[in-house]
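Written out below as structure tokens is the structure these notes cover.
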Amino acid sequence: GDSVTQMEGPVTLSEEAFLTINCTYTATGYPSLFWYVQYPGEGLQLLLKATKADDKGSNKGFEATYRKETTSFHLEKGSVQVSDSAVYFCALHMEYGNKLVFGAGTILRVKS
Amino acid sequence: KAGVTQTPRYLIKTRGQQVTLSCSPISGHRSVSWYQQTPGQGLQFLFEYFSETQRNKGNFPGRFSGRQFSNSRSEMNVSTLELGDSALYLCASSRDRVGAGANVLTFGAGSRLTVL
């Protein structure tokens with residue numbers, strides 16, 4: 001079945017460091033890919049998305065490129081801030097089910 | 001524009017009881033989905049409703065049920081609660097337009113259920 005694999009955390013970085021969170025997927029069709037972020041005590045917020053191969057999603061300095069050849073959607077940010085500390089979820093969405101399949105989530109901690 | 005509203009935000013129940021959670025989607029959104037989030041299992045899909053009909057269902061026992069009303073508001077019910085049902089229950093809504101990637105799900109803040 002469809003699945004998403006994320007790198008395990010927690011990831012601990014110093015402020016202004018470069019961030020990469022790896023995400024790979026397995027899907028039978030052509031999914032849309034998403035990154036969601038969850039701050040403590042809150043629900044999920046959409047961070048960025050890509051709907052087809054080679055699309056790049058970007059938002060708030062975060063970027064991810066849909067790589068069909070490597071079935072990946074790695075999240076990157078050039079310079080993280082303490083306020084980026086949260087849990088990041090990679091997810092795929094298949095049209096026929098209108099449901100999201102999530103990865104396990106990666107905790108990011110940014111130290112000042 | 002109001003977001004997805006879930007009530008109650010927090011609740012405590014005891015084993016064997018039942019619970020009903022409510023979700024009001026974004027205005028104009030006709031699809032409502034429910035997810036369970038636990039530390040052990042992560043985020044798991046429960047079910048999706050569209051125009052008052054359950055369109056898709058995850059792998060949960062029959063104790064978990066839901067419904068959607070004509071105004072698109074949705075409720076989920078868990079009967080005969082077990083300790084393992086303690087979780088954050090998230091509701092998400094979408095327009096459900098046809099087209100790749102058009103169905104972006106917007107989540108509510110969740111209802112945190114604790115079963116004692």
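Each chain in the structure tokens gets a letter, A, B and so on, in the order shown; residues start at 1 in every chain, and ligands are counted from 1 in the order they appear.
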
For this session: For range 38-51 of chain B, work out the shell of residues within 10 Å, counting only C-alpha atoms and skipping chain neighbours fewer than 6 positions away, then give it as number ranges by chain.
Result: A: 89, 97-105; B: 29-32, 57-61, 64-74, 76, 84-96

Problem set entry | All strand (DSSP E or B) residues (DSSP, backbone) inside chain A, as a PyMOL selection string | chain A and resi 3-6+11-14+19-21+23-26+32-38+44-50+56-59+62-65+67+72+75-77+86-94+99-102+106-111

Problem set entry | Exercise answer, chain A residues close to chain B, 12 Å and only C-alpha atoms, as JSON, numbers by chain | {"A": [3, 4, 29, 30, 31, 32, 33, 34, 35, 36, 37, 38, 39, 40, 41, 42, 43, 44, 45, 46, 47, 48, 49, 50, 51, 52, 53, 55, 87, 89, 90, 91, 92, 93, 94, 95, 96, 97, 98, 99, 100, 101, 102, 103, 104, 105, 106]}

Problem set entry | Two-atom distance - CA of Leu116 in chain B, CA of Lys13 in chain B (Å) |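 If I compute the distance from CA of Leu116 in chain B to CA of Lys13 in chain B, I get 6.2 Å.
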
Exercise. Smallest atom-to-atom distance to Thr20 in chain A: which of A:Gly1, A:Asn59, A:His74, A:Glu8, using only C-alpha atoms?
Worked result: A:His74

Problem set entry | range 13-18 of chain A surroundings by only C-alpha atoms, 12 Å radius, close-in-sequence under 5 positions cut, as a list in words | Gly61, Phe62, Glu63, Leu75, Glu76, Lys77, Gly78, Ser79, Val80, Gln81, Val82, Ser83, Asp84, Ser85, Ile107, Leu108, Arg109, Val110, Lys111 and Ser112 of chain A

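The coordinates place CA of Asn77 in chain B at 13.4 Å from CA of Leu11 in chain B.
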
Seminar exercise, completed: CA of Arg9 in chain B to CA of Ser27 in chain B measures 20.3 Å
